[in-house]
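So this one's query16.txt, compact mmCIF, C-alpha atoms:
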# COMPACT_ATOMS: atom_id res chain seq x y z
CA MET A 8 -58.66 -90.82 -184.62
CA LYS A 9 -60.72 -87.71 -185.36
CA ASP A 10 -63.12 -88.64 -182.56
CA LEU A 11 -60.36 -88.60 -179.92
CA ALA A 12 -59.63 -85.63 -177.64
CA VAL A 13 -56.56 -85.51 -175.39
CA LEU A 14 -57.16 -83.47 -172.22
CA ILE A 15 -54.19 -81.67 -170.62
CA PRO A 16 -54.63 -79.13 -167.79
CA SER A 17 -51.78 -76.68 -167.22
CA PHE A 18 -50.95 -74.11 -164.55
CA ASN A 19 -47.73 -72.08 -164.60
CA ASP A 20 -45.80 -74.86 -166.33
CA THR A 21 -45.47 -73.96 -169.99
CA PRO A 22 -42.01 -75.60 -170.29
CA GLY A 23 -43.42 -78.88 -168.93
CA LEU A 24 -46.44 -78.60 -171.23
CA LEU A 25 -44.24 -78.11 -174.30
CA THR A 26 -42.08 -81.08 -173.29
CA THR A 27 -45.23 -83.20 -173.09
CA LEU A 28 -46.49 -82.01 -176.47
CA ARG A 29 -43.13 -82.82 -178.06
CA SER A 30 -43.33 -86.35 -176.67
CA ILE A 31 -46.56 -87.11 -178.57
CA ARG A 32 -45.48 -89.17 -181.58
CA GLU A 33 -48.35 -90.87 -183.39
CA SER A 34 -48.68 -92.36 -186.85
CA ASP A 35 -52.21 -90.89 -186.98
CA ASN A 36 -52.35 -87.24 -185.94
CA SER A 37 -56.03 -86.60 -186.62
CA PHE A 38 -56.86 -86.22 -182.91
CA THR A 39 -57.25 -82.94 -181.00
CA VAL A 40 -55.28 -81.93 -177.91
CA VAL A 41 -57.44 -79.82 -175.57
CA ILE A 42 -55.27 -77.71 -173.25
CA VAL A 43 -56.94 -75.93 -170.34
CA ASP A 44 -54.78 -73.08 -169.07
CA ASP A 45 -55.94 -72.77 -165.47
CA GLY A 46 -55.26 -69.06 -165.04
CA SER A 47 -51.48 -69.17 -165.41
CA SER A 48 -49.75 -65.91 -164.49
CA GLU A 49 -48.19 -65.99 -167.96
CA PRO A 50 -50.86 -67.35 -170.31
CA VAL A 51 -49.98 -70.44 -172.32
CA ARG A 52 -49.23 -69.67 -175.93
CA ILE A 53 -48.78 -72.33 -178.58
CA GLU A 54 -47.70 -71.32 -182.07
CA GLU A 55 -50.15 -72.27 -184.76
CA ASP A 56 -48.95 -75.31 -186.73
CA ALA A 57 -46.20 -75.98 -184.19
CA PHE A 58 -47.34 -79.59 -183.92
CA PRO A 59 -48.77 -82.09 -186.43
CA PHE A 60 -52.01 -82.48 -184.44
CA CYS A 61 -54.77 -79.97 -183.78
CA ILE A 62 -54.60 -77.99 -180.53
CA LYS A 63 -57.56 -76.29 -178.82
CA LEU A 64 -56.43 -73.90 -176.09
CA ILE A 65 -58.99 -72.92 -173.44
CA ARG A 66 -57.96 -70.08 -171.16
CA GLN A 67 -59.48 -69.70 -167.68
CA SER A 68 -59.11 -66.12 -166.44
CA ILE A 69 -58.45 -67.15 -162.84
CA ASN A 70 -56.91 -70.22 -161.27
CA GLY A 71 -59.79 -72.48 -160.27
CA GLY A 72 -57.88 -75.66 -159.48
CA ILE A 73 -57.38 -78.89 -161.37
CA VAL A 74 -60.95 -80.21 -160.90
CA LYS A 75 -62.46 -77.12 -162.49
CA ALA A 76 -59.87 -77.19 -165.27
CA LEU A 77 -60.53 -80.85 -166.02
CA ASN A 78 -64.30 -80.36 -166.02
CA THR A 79 -64.02 -77.30 -168.25
CA GLY A 80 -62.11 -79.45 -170.72
CA LEU A 81 -64.59 -82.33 -170.48
CA GLU A 82 -67.55 -80.01 -171.04
CA TYR A 83 -65.92 -78.70 -174.21
CA ILE A 84 -65.05 -82.22 -175.37
CA ARG A 85 -68.63 -83.40 -174.89
CA THR A 86 -70.16 -80.42 -176.70
CA GLN A 87 -67.84 -81.08 -179.67
CA GLY A 88 -69.00 -84.70 -179.94
CA PHE A 89 -65.69 -86.46 -179.27
CA VAL A 90 -66.21 -90.18 -178.60
CA PHE A 91 -62.95 -90.89 -176.76
CA VAL A 92 -61.02 -88.93 -174.13
CA ALA A 93 -57.37 -89.52 -173.26
CA ARG A 94 -55.62 -87.90 -170.31
CA LEU A 95 -52.12 -86.57 -170.09
CA ASP A 96 -50.45 -84.18 -167.66
CA ALA A 97 -47.96 -81.40 -168.31
CA ALA A 98 -44.36 -82.64 -167.96
CA ASP A 99 -45.31 -86.31 -168.42
CA LEU A 100 -44.18 -88.14 -171.56
CA ASN A 101 -46.14 -90.21 -174.03
CA ARG A 102 -44.48 -93.28 -175.50
CA PRO A 103 -44.70 -93.67 -179.30
CA ASP A 104 -48.21 -94.47 -180.58
CA ARG A 105 -49.65 -94.61 -177.06
CA PHE A 106 -52.95 -93.10 -178.23
CA SER A 107 -53.18 -95.39 -181.26
CA ILE A 108 -52.59 -98.47 -179.10
CA GLN A 109 -55.29 -97.58 -176.57
CA TYR A 110 -57.70 -96.31 -179.23
CA GLN A 111 -57.43 -99.56 -181.19
CA HIS A 112 -57.88 -101.58 -178.00
CA LEU A 113 -61.14 -99.79 -177.24
CA LEU A 114 -62.35 -100.27 -180.82
CA GLU A 115 -61.64 -104.00 -180.64
CA ASN A 116 -63.13 -104.40 -177.15
CA ARG A 117 -66.55 -102.75 -177.24
CA ASN A 118 -67.27 -103.99 -173.72
CA LEU A 119 -64.56 -101.75 -172.28
CA ALA A 120 -65.42 -98.22 -171.19
CA MET A 121 -61.86 -97.33 -170.21
CA VAL A 122 -58.34 -98.60 -170.75
CA GLY A 123 -55.23 -97.59 -168.85
CA ALA A 124 -51.60 -98.71 -168.93
CA ASN A 125 -48.62 -99.17 -166.70
CA VAL A 126 -46.30 -96.22 -166.18
CA VAL A 127 -42.58 -95.74 -165.59
CA PHE A 128 -41.93 -93.21 -162.81
CA ARG A 129 -38.74 -91.17 -163.12
CA ASN A 130 -36.70 -88.83 -160.99
CA GLU A 131 -37.53 -85.23 -161.86
CA GLY A 132 -33.90 -84.12 -161.63
CA ASP A 133 -32.00 -86.52 -163.87
CA GLY A 134 -34.77 -88.57 -165.52
CA GLU A 135 -33.55 -91.83 -163.96
CA ALA A 136 -36.17 -94.59 -164.03
CA LEU A 137 -37.21 -95.29 -160.43
CA PHE A 138 -39.85 -97.99 -160.86
CA THR A 139 -42.63 -99.30 -163.06
CA THR A 140 -46.19 -99.71 -161.81
CA ASN A 141 -47.63 -103.20 -161.58
CA LEU A 142 -51.33 -102.52 -162.13
CA PRO A 143 -54.15 -105.07 -162.30
CA ILE A 144 -54.98 -105.89 -165.92
CA SER A 145 -58.40 -107.52 -166.39
CA PRO A 146 -61.77 -105.84 -165.72
CA GLY A 147 -62.40 -108.15 -162.78
CA GLU A 148 -59.03 -107.38 -161.24
CA THR A 149 -59.27 -103.61 -161.72
CA ARG A 150 -62.76 -103.51 -160.20
CA ARG A 151 -61.72 -105.62 -157.21
CA TRP A 152 -58.53 -103.67 -156.45
CA MET A 153 -60.30 -100.29 -156.71
CA VAL A 154 -61.68 -101.06 -153.26
CA PHE A 155 -58.14 -100.94 -151.84
CA ARG A 156 -56.17 -98.69 -154.20
CA ASN A 157 -56.39 -96.88 -157.51
CA SER A 158 -56.15 -99.42 -160.33
CA PHE A 159 -55.29 -96.71 -162.87
CA ILE A 160 -52.70 -93.98 -163.36
CA HIS A 161 -54.55 -90.77 -164.20
CA PRO A 162 -52.44 -89.46 -167.14
CA ALA A 163 -52.36 -92.91 -168.76
CA VAL A 164 -56.08 -93.58 -169.28
CA MET A 165 -58.41 -93.34 -172.26
CA PHE A 166 -62.17 -93.67 -171.86
CA ARG A 167 -65.43 -93.33 -173.76
CA SER A 168 -66.98 -89.92 -173.18
CA GLU A 169 -70.48 -91.43 -173.03
CA VAL A 170 -69.77 -92.92 -169.58
CA LEU A 171 -69.82 -89.41 -168.13
CA HIS A 172 -73.60 -89.28 -168.62
CA GLN A 173 -73.84 -91.88 -165.86
CA THR A 174 -70.81 -91.15 -163.67
CA GLY A 175 -70.81 -87.38 -163.87
CA LEU A 176 -67.67 -85.28 -164.18
CA TYR A 177 -64.79 -85.01 -161.73
CA ASP A 178 -66.16 -84.53 -158.20
CA LYS A 179 -65.06 -81.30 -156.50
CA ASN A 180 -66.19 -82.67 -153.12
CA TYR A 181 -63.13 -84.93 -152.92
CA PRO A 182 -60.10 -82.71 -153.58
CA HIS A 183 -56.89 -84.34 -154.76
CA ILE A 184 -58.53 -87.76 -155.37
CA GLU A 185 -60.83 -86.66 -158.18
CA ASP A 186 -59.36 -89.32 -160.47
CA TYR A 187 -59.88 -92.13 -157.95
CA VAL A 188 -63.50 -91.12 -157.39
CA LEU A 189 -64.26 -90.97 -161.12
CA PHE A 190 -62.51 -94.28 -161.86
CA SER A 191 -64.32 -95.93 -158.94
CA ARG A 192 -67.64 -94.87 -160.45
CA ILE A 193 -66.61 -96.05 -163.90
CA THR A 194 -65.51 -99.50 -162.67
CA GLN A 195 -68.70 -99.89 -160.62
CA SER A 196 -70.90 -99.51 -163.70
CA PHE A 197 -68.66 -100.47 -166.64
CA GLU A 198 -65.77 -102.71 -167.65
CA ALA A 199 -62.27 -101.23 -167.52
CA ALA A 200 -58.82 -102.73 -168.01
CA ASN A 201 -55.11 -101.92 -168.19
CA LEU A 202 -52.56 -102.73 -170.86
CA PRO A 203 -49.49 -104.42 -169.36
CA ASP A 204 -46.76 -102.42 -171.11
CA PRO A 205 -45.80 -98.90 -169.96
CA LEU A 206 -47.20 -96.24 -172.29
CA VAL A 207 -46.43 -93.11 -170.28
CA ASP A 208 -43.45 -91.82 -168.29
CA CYS A 209 -44.32 -89.75 -165.23
CA PHE A 210 -41.99 -87.72 -163.05
CA VAL A 211 -41.90 -87.72 -159.26
CA ARG A 212 -42.08 -83.98 -158.61
CA GLU A 213 -41.51 -82.44 -155.19
CA GLY A 214 -43.97 -79.73 -156.17
CA GLY A 215 -46.58 -82.18 -157.43
CA ILE A 216 -50.09 -82.42 -156.02
CA SER A 217 -49.46 -85.75 -154.30
CA ARG A 218 -46.48 -84.32 -152.42
CA LEU A 219 -47.88 -80.87 -151.58
CA HIS A 220 -51.36 -81.98 -150.55
CA HIS A 221 -50.83 -85.54 -149.37
CA GLN A 222 -52.64 -85.03 -146.04
CA LYS A 223 -55.70 -83.51 -147.72
CA GLN A 224 -55.53 -86.29 -150.29
CA LEU A 225 -55.52 -88.96 -147.60
CA ILE A 226 -58.40 -87.35 -145.72
CA SER A 227 -60.45 -87.08 -148.93
CA GLY A 228 -59.90 -90.79 -149.49
CA LEU A 229 -61.12 -91.62 -145.99
CA ARG A 230 -64.20 -89.41 -146.44
CA PHE A 231 -65.04 -91.04 -149.75
CA LYS A 232 -64.74 -94.58 -148.38
CA LEU A 233 -66.72 -93.83 -145.22
CA LYS A 234 -69.51 -92.40 -147.35
CA HIS A 235 -69.57 -95.63 -149.39
CA PRO A 236 -69.18 -98.37 -146.77
CA ARG A 237 -68.60 -102.03 -147.63
CA PRO A 238 -68.88 -103.63 -144.18
CA PHE A 239 -68.46 -107.18 -145.48
CA ASP A 240 -65.40 -106.47 -147.63
CA PRO A 241 -61.97 -106.89 -145.99
CA LEU A 242 -60.35 -104.67 -148.63
CA TRP A 243 -62.54 -101.76 -147.53
CA TYR A 244 -61.15 -102.02 -144.01
CA ALA A 245 -57.65 -102.45 -145.43
CA PHE A 246 -58.06 -99.20 -147.37
CA LEU A 247 -59.10 -97.32 -144.22
CA ALA A 248 -56.16 -98.74 -142.27
CA LYS A 249 -53.71 -97.92 -145.07
CA ARG A 250 -54.90 -94.33 -145.45
CA ALA A 251 -54.91 -93.72 -141.71
CA SER A 252 -51.35 -95.04 -141.39
CA TYR A 253 -50.19 -92.92 -144.34
CA LEU A 254 -51.13 -89.81 -142.34
CA VAL A 255 -48.15 -90.43 -140.05
CA ILE A 256 -45.56 -92.42 -142.02
CA PRO A 257 -43.19 -90.79 -144.56
CA HIS A 258 -43.37 -91.12 -148.35
CA SER A 259 -40.15 -93.14 -148.42
CA PHE A 260 -41.70 -95.87 -146.26
CA ARG A 261 -44.85 -95.85 -148.38
CA ASP A 262 -42.76 -96.35 -151.51
CA ARG A 263 -40.96 -99.31 -149.95
CA LEU A 264 -44.25 -100.81 -148.82
CA LYS A 265 -45.63 -100.62 -152.37
CA ARG A 266 -42.59 -102.54 -153.63
CA VAL A 267 -43.02 -105.20 -150.94
CA LEU A 268 -46.70 -105.61 -151.79
CA GLY A 269 -45.90 -105.94 -155.51
CA PHE A 270 -47.68 -102.75 -156.57
CA THR A 271 -44.48 -101.52 -158.25
CA ARG A 272 -41.48 -103.27 -159.78
CA PRO A 273 -38.02 -102.22 -160.94
CA ALA A 274 -37.97 -100.68 -164.41
CA SER A 275 -36.35 -103.03 -166.92
CA LEU A 276 -33.69 -101.75 -169.31
CA GLN A 277 -36.21 -101.74 -172.14
CA GLN A 278 -38.81 -99.87 -170.09
CA ALA A 279 -36.26 -97.36 -168.86
CA ALA A 280 -35.10 -96.50 -172.38
CA ALA A 281 -38.03 -94.26 -173.34
CA PRO A 282 -36.88 -91.23 -175.37
CA ILE A 283 -36.79 -87.95 -173.46
CA PRO A 284 -37.64 -85.01 -175.75
CA GLU A 285 -35.17 -82.15 -175.83
CA ASN A 286 -36.41 -78.67 -175.02
CA THR A 287 -35.69 -77.25 -178.42
Output the file's structure in the form of structure tokens.
Amino acid sequence: MKDLAVLIPSFNDTPGLLTTLRSIRESDNSFTVVIVDDGSSEPVRIEEDAFPFCIKLIRQSINGGIVKALNTGLEYIRTQGFVFVARLDAADLNRPDRFSIQYQHLLENRNLAMVGANVVFRNEGDGEALFTTNLPISPGETRRWMVFRNSFIHPAVMFRSEVLHQTGLYDKNYPHIEDYVLFSRITQSFEAANLPDPLVDCFVREGGISRLHHQKQLISGLRFKLKHPRPFDPLWYAFLAKRASYLVIPHSFRDRLKRVLGFTRPASLQQAAAPIPENT
């Protein structure tokens, strides 16, 4: 997998970053992990040869935000000629051979520009499995549901870098939904799918972007949809209604609603048993 780059932005979370790096367990370690340190107060330092895969550390002198960090990483990845890009976030955990599974799927399905996977969400405090996502699988399903909700979990995708020539990079005009905007553009022009099994474990963090900036996130979503109207599509109106209601209802109600609608499901015993790396 020498033509694969894994993009991880990091800001003031070196412990979470190291936990994520320790979770990467692949039979083929020929890929490169590109870490963009977004102006952390204590710069990220990774010991040479600390991991079996190559690490490229890019240091931004000032904190420019996640969109700038992601685009800095993508620009480097493109200049180095990497064919595939995988995403992962600091503190999230890769399941064994996640990259190999998605990489092989893209090799075998040349029509696909991007492949994602379901994710197990866990409690940040004790690691308890809270729920598993229930994402659409086929290209037709992912494209259709993108009108109403994000069909992909950001740190669980892998895509072909060549699509960026058509879609552009992450869009700074829509803060906190940069992933949704990019994936919408990808699914409009290319085929994309999800693998049914969970390949990443994410943590519900009180200090995460979705919690801290949920109002700005919701407003960005409304702006994006209003700029790209679909007046004959009921799901477009459903998206507007959902986002508007989310401005006033609490996260707990939103989580229950997602379960009722079938967008999430309880984590099975097998799904919940992902190994949690020790901070050693």
Would you list the contacts of Gln173 (chain A) as a PyMOL selection string, taking every protein, DNA or RNA residue within 9 Å and counting all atoms listed in the file, but skipping same-chain residues closer than 6 positions in sequence? chain A and resi 192-193+196
Pick out the closest residue to Tyr83 (chain A) from this set: A:Ala12, A:Asn157, A:Tyr110, A:Phe138. Count all atoms listed in the file.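 Under the stated criterion, the closest residue is A:Ala12.
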Please provide the set of residues having any atom within 7 Å of Asn141 (chain A), restricted to only C-alpha atoms, with same-chain residues fewer than 3 positions apart removed, written as a list in words.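 These residues fall inside the cut-off: Asn125, Gly269, Phe270, Thr271 and Arg272 of chain A.
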Write out as a ChimeraX atom specification each polymer residue whose atoms come within 8 Å of Ile62 (chain A), counting only C-alpha atoms; drop sequence neighbours fewer than 6 positions from it. /A:39-42
For Glu185 (chain A), which of A:Thr140, A:Ile73, A:Pro238, A:Phe159 is the closest residue, counting all atoms listed in the file?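 Once distances to Glu185 (chain A) are computed over all atoms listed in the file, the minimum belongs to A:Ile73.
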Which residues are close to Glu82 (chain A), i.e. within 12 Å by only C-alpha atoms, leaving aside same-chain residues fewer than 3 positions away? Reply as a list in words. Ala12, Leu14, Val41, Val43, Ile65, Lys75, Ala76, Leu77, Asn78, Thr79, Arg85, Thr86, Gln87, Gly88, Phe89, Val92, Ser168, Glu169, Leu171, His172, Gly175, Leu176 and Tyr177 of chain A
Separation of CA of Leu100 (chain A) from CA of Leu206 (chain A), in Å and rounded to one decimal: 8.7 Å
In Å to one decimal, how far is CA of Lys249 (chain A) from CA of Val207 (chain A)?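 Between these atoms lies a distance of 26.7 Å.
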Local residues around (-36.4, -95.3, -165.5), at most 9 Å away, using only C-alpha atoms, as a PyMOL selection string: chain A and resi 127-130+134-139+208+273-276+278-281
